[in-house]
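What follows is a single structure, written as structure tokens, with notes after it.
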Amino acid sequence: KNRRNTNQSKSAALDAAISIRGGAASAAVKDPAELTRRLLVAALVTISYEFVLGHLLEFVKIVMQTSPEGTSYKDVMKSITGEKGFVGVWDGFVPWGIVQSILKGGVFGLAHAAASGFLKPLAQDGKLPMIVALSFAGAFGGLFQGYVLSPTLLLKTRVMTNDVFRENMNFIKTTWLSLTIGCDVVRNEGLLALMKGSNIFAIKRMFDWFTRYIFSDMFEALLLNFSSTGTLTTGEKIVASLMGGTLSTFSTLPLDVLVAKSQDAKKAGEAVSAWDMFKAELDEKGWGGLGKSYMNGFEARLAHVCLTTIVMKTFAPIVYDMLYGNK
């Protein structure tokens, strides 16, 4: 039996793993109809996932990250559901979570496809390693996505961290107040306030997608080394996504916390610098205290990142094939 641990076989496995998404991205660029179908599927899958679980995980994570130390997950769930019951977990989902879900896949998909269309030919000509080309395409998609989605994340975060929304009110009133919070931000803080925290969020999204793709692809390549068929099963793709998502979560954790704190409703109207916040908390708590503080909500973020990676890398293509056939 041939051994698969040579440099040549590793390279071949890595190329095969990268082609799982690289080929699909370039095909979408050449075929506008297919691009439209893929963006529709991405929006459908994202909304479904966020409604069922993703929004709750993000809600809990953001509240944990912006709450005083010592706050437990039980405390957070009690604050979210105490007055409204379980329906409170969807605060902020309508309308901002839905808008964000629709835009999230589409915006990233367009930017990633455009960047892939430019970078992949360079890799095919030997000017760039393929993993670098496609991972940077993911980074560009994340950066563009960050700036476009930042206003919706700000408004959603304001709803999640504003105690007014924890009061007992029906769904229609909650939705109406969620809609008007955007007008309140513009009226009280100015139009540019909608982009508060956008730079750090865009940088975070860039590193989010760069690390998710590169780590997941590396683990897919590792698993392909042990595959007798040269392909990965759905289960193996899920394992690779989980492992890649875990490493991505650790690598971008500080940026994620800084985004939540900069867009917190309690900082409405304040000029917030992510670097100044970081320095002030470091001076106050030291590295040990800062690390402990930044771990608040880590479990919820880890679950959200891993599941999002699985959904978008593994299940979105499955849904596409179910609806449109294996193109």
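Identifiers in the structure tokens: chain A, B, ... in order shown; residue index from 1 per chain; ligand index from 1 in order shown.
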Distance query A:Leu179 at most 9 Å, only C-alpha atoms, self and fewer than 6 positions along chain excluded, as a ChimeraX atom specification: /A:94-96,155
Residue set, stretch 89-191 of chain A restricted to alpha helix (DSSP H), as a PyMOL selection string: chain A and resi 98-124+130-161+171-189
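For the set A:Gly325, A:Gly197, A:Gly235, A:Gly126, the residue with the smallest atom-to-atom gap to A:Tyr147 is A:Gly197, counting only C-alpha atoms.
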Pick from A:Phe215, A:Phe144, A:Phe201, A:Phe298 nearest to A:Gly106, counting only C-alpha atoms: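 The closest residue to A:Gly106 is A:Phe144.
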Minimum-distance residue to A:Gly92, chosen among A:Gly291, A:Pro68, A:Pro317, A:Gly182 (using only C-alpha atoms): A:Gly182
Residue neighbourhood A:Leu191, 12 Å, only C-alpha atoms, exclusion window fewer than 5 positions, as a PDB file with N, CA and C atoms, in the first residue's frame:
```pdb
ATOM      1  N   PRO A 151     -23.649  48.347   9.803  1.00  0.00           N
ATOM      2  CA  PRO A 151     -24.822  49.054  10.337  1.00  0.00           C
ATOM      3  C   PRO A 151     -25.897  48.110  10.884  1.00  0.00           C
ATOM      4  N   GLY A 182     -33.033  52.608  14.585  1.00  0.00           N
ATOM      5  CA  GLY A 182     -32.149  53.160  13.570  1.00  0.00           C
ATOM      6  C   GLY A 182     -32.336  54.657  13.432  1.00  0.00           C
ATOM      7  N   CYS A 183     -33.586  55.110  13.440  1.00  0.00           N
ATOM      8  CA  CYS A 183     -33.872  56.552  13.380  1.00  0.00           C
ATOM      9  C   CYS A 183     -33.320  57.250  14.610  1.00  0.00           C
ATOM     10  N   ASP A 184     -33.434  56.588  15.766  1.00  0.00           N
ATOM     11  CA  ASP A 184     -32.921  57.181  17.006  1.00  0.00           C
ATOM     12  C   ASP A 184     -31.408  57.373  16.937  1.00  0.00           C
ATOM     13  N   VAL A 185     -30.723  56.377  16.395  1.00  0.00           N
ATOM     14  CA  VAL A 185     -29.259  56.474  16.291  1.00  0.00           C
ATOM     15  C   VAL A 185     -28.870  57.644  15.397  1.00  0.00           C
ATOM     16  N   VAL A 186     -29.523  57.764  14.233  1.00  0.00           N
ATOM     17  CA  VAL A 186     -29.200  58.838  13.299  1.00  0.00           C
ATOM     18  C   VAL A 186     -29.546  60.198  13.891  1.00  0.00           C
ATOM     19  N   LYS A 196     -20.327  52.995  13.365  1.00  0.00           N
ATOM     20  CA  LYS A 196     -19.512  52.905  14.574  1.00  0.00           C
ATOM     21  C   LYS A 196     -18.988  51.477  14.735  1.00  0.00           C
ATOM     22  N   GLY A 269     -23.524  57.230  21.729  1.00  0.00           N
ATOM     23  CA  GLY A 269     -23.150  58.633  21.831  1.00  0.00           C
ATOM     24  C   GLY A 269     -21.709  58.867  22.231  1.00  0.00           C
TER      25      GLY A 269
END
```
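Considering the residues A:Asp321, A:Asp125, A:Asp91, A:Asp75 and counting only C-alpha atoms, A:Leu56 has its shortest atom-to-atom contact with A:Asp91.
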Length of the atom CA of A:Glu167 to atom CA of A:Ala193 vector [Å]: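 Taking atom CA of A:Glu167 as the start and atom CA of A:Ala193 as the end point, the length is 25.5 Å.
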Distance criterion (only C-alpha atoms): nearest to A:Lys279 out of A:Ala265, A:Leu143, A:Leu258, A:Leu154: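 Looking only at the distances to A:Lys279, the closest residue turns out to be A:Leu258.
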Å distance separating atom CA of A:Met195 from atom CA of A:Thr309, one decimal place: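 Computing it gives 25.8 Å between the two atoms.
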Show me, as an mmCIF file with N, CA and C atoms, in the first residue's frame, the residues that have an atom within 8 Å of A:Met312 when counting only C-alpha atoms, minus same-chain residues fewer than 3 positions from it.
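Okay, this is what ended up in out_24.cif:
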```cif
data_model
loop_
_atom_site.group_PDB
_atom_site.id
_atom_site.type_symbol
_atom_site.label_atom_id
_atom_site.label_comp_id
_atom_site.auth_asym_id
_atom_site.auth_seq_id
_atom_site.Cartn_x
_atom_site.Cartn_y
_atom_site.Cartn_z
ATOM 1 N N ALA A 42 -27.646 30.663 -0.448
ATOM 2 C CA ALA A 42 -26.909 31.160 0.713
ATOM 3 C C ALA A 42 -27.815 31.955 1.641
ATOM 4 N N VAL A 45 -30.373 29.461 3.350
ATOM 5 C CA VAL A 45 -29.720 28.651 4.385
ATOM 6 C C VAL A 45 -29.372 29.506 5.597
ATOM 7 N N THR A 46 -28.869 30.711 5.361
ATOM 8 C CA THR A 46 -28.464 31.582 6.466
ATOM 9 C C THR A 46 -29.660 31.988 7.317
ATOM 10 N N THR A 308 -21.712 27.807 12.012
ATOM 11 C CA THR A 308 -21.805 28.633 10.808
ATOM 12 C C THR A 308 -20.891 28.095 9.718
ATOM 13 N N THR A 309 -19.688 27.695 10.096
ATOM 14 C CA THR A 309 -18.743 27.147 9.127
ATOM 15 C C THR A 309 -19.282 25.865 8.502
ATOM 16 N N PHE A 315 -23.415 22.338 4.290
ATOM 17 C CA PHE A 315 -24.834 22.150 4.021
ATOM 18 C C PHE A 315 -25.378 23.063 2.928
ATOM 19 N N ALA A 316 -24.786 24.244 2.749
ATOM 20 C CA ALA A 316 -25.253 25.105 1.664
ATOM 21 C C ALA A 316 -25.083 24.427 0.297
ATOM 22 N N PRO A 317 -23.921 23.798 0.008
ATOM 23 C CA PRO A 317 -23.811 23.068 -1.265
ATOM 24 C C PRO A 317 -24.792 21.906 -1.380
#
```
Contact residues around A:Lys204 with only C-alpha atoms at 7 Å, ignoring same-chain residues under 3 positions, as a ChimeraX atom specification: /A:200-201,207-208,252,255-256
For the residues in the current selection, export N, CA, C and O atoms as a PDB file, in the first residue's frame.
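The result, written out as result11.pdb:
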```pdb
ATOM      1  N   ILE A 200     -13.104  47.991  12.889  1.00  0.00           N
ATOM      2  CA  ILE A 200     -12.687  46.798  13.629  1.00  0.00           C
ATOM      3  C   ILE A 200     -13.538  45.598  13.232  1.00  0.00           C
ATOM      4  O   ILE A 200     -13.049  44.461  13.167  1.00  0.00           O
ATOM      5  N   PHE A 201     -14.828  45.836  12.911  1.00  0.00           N
ATOM      6  CA  PHE A 201     -15.690  44.728  12.480  1.00  0.00           C
ATOM      7  C   PHE A 201     -15.254  44.190  11.126  1.00  0.00           C
ATOM      8  O   PHE A 201     -15.205  42.973  10.912  1.00  0.00           O
ATOM      9  N   PHE A 207     -10.365  38.527   8.975  1.00  0.00           N
ATOM     10  CA  PHE A 207      -9.626  37.450   9.624  1.00  0.00           C
ATOM     11  C   PHE A 207     -10.530  36.256   9.919  1.00  0.00           C
ATOM     12  O   PHE A 207     -10.060  35.102   9.907  1.00  0.00           O
ATOM     13  N   ASP A 208     -11.821  36.504  10.193  1.00  0.00           N
ATOM     14  CA  ASP A 208     -12.767  35.399  10.385  1.00  0.00           C
ATOM     15  C   ASP A 208     -12.727  34.459   9.199  1.00  0.00           C
ATOM     16  O   ASP A 208     -12.511  33.250   9.334  1.00  0.00           O
ATOM     17  N   THR A 252      -9.360  34.894  16.448  1.00  0.00           N
ATOM     18  CA  THR A 252     -10.030  36.193  16.252  1.00  0.00           C
ATOM     19  C   THR A 252     -10.823  36.643  17.474  1.00  0.00           C
ATOM     20  O   THR A 252     -11.565  37.616  17.395  1.00  0.00           O
ATOM     21  N   LEU A 255     -10.700  40.494  18.628  1.00  0.00           N
ATOM     22  CA  LEU A 255     -11.410  41.376  17.712  1.00  0.00           C
ATOM     23  C   LEU A 255     -12.914  41.266  17.904  1.00  0.00           C
ATOM     24  O   LEU A 255     -13.639  42.271  17.875  1.00  0.00           O
ATOM     25  N   ASP A 256     -13.405  40.060  18.124  1.00  0.00           N
ATOM     26  CA  ASP A 256     -14.829  39.842  18.303  1.00  0.00           C
ATOM     27  C   ASP A 256     -15.340  40.563  19.550  1.00  0.00           C
ATOM     28  O   ASP A 256     -16.403  41.197  19.517  1.00  0.00           O
TER      29      ASP A 256
END
```
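Residues in contact with A:Leu149 at 8 Å, where only C-alpha atoms are counted and same-chain residues fewer than 5 positions away are skipped, are listed as A:Gln100, A:Leu103, A:Lys104.
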Surrounding residues of stretch 305-307 of chain A excluding itself and chain neighbours under 5 positions, 10 Å, only C-alpha atoms, as a count of residues only: 23
From A:His112, A:His304, A:Lys127, A:Lys61, residue lying nearest A:Ala260 [only C-alpha atoms]: A:Lys61
For atom CA of A:Met169 and atom CA of A:Glu83, the interatomic separation in Å (one decimal):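 Result for atom CA of A:Met169 versus atom CA of A:Glu83: 8.2 Å, one decimal.
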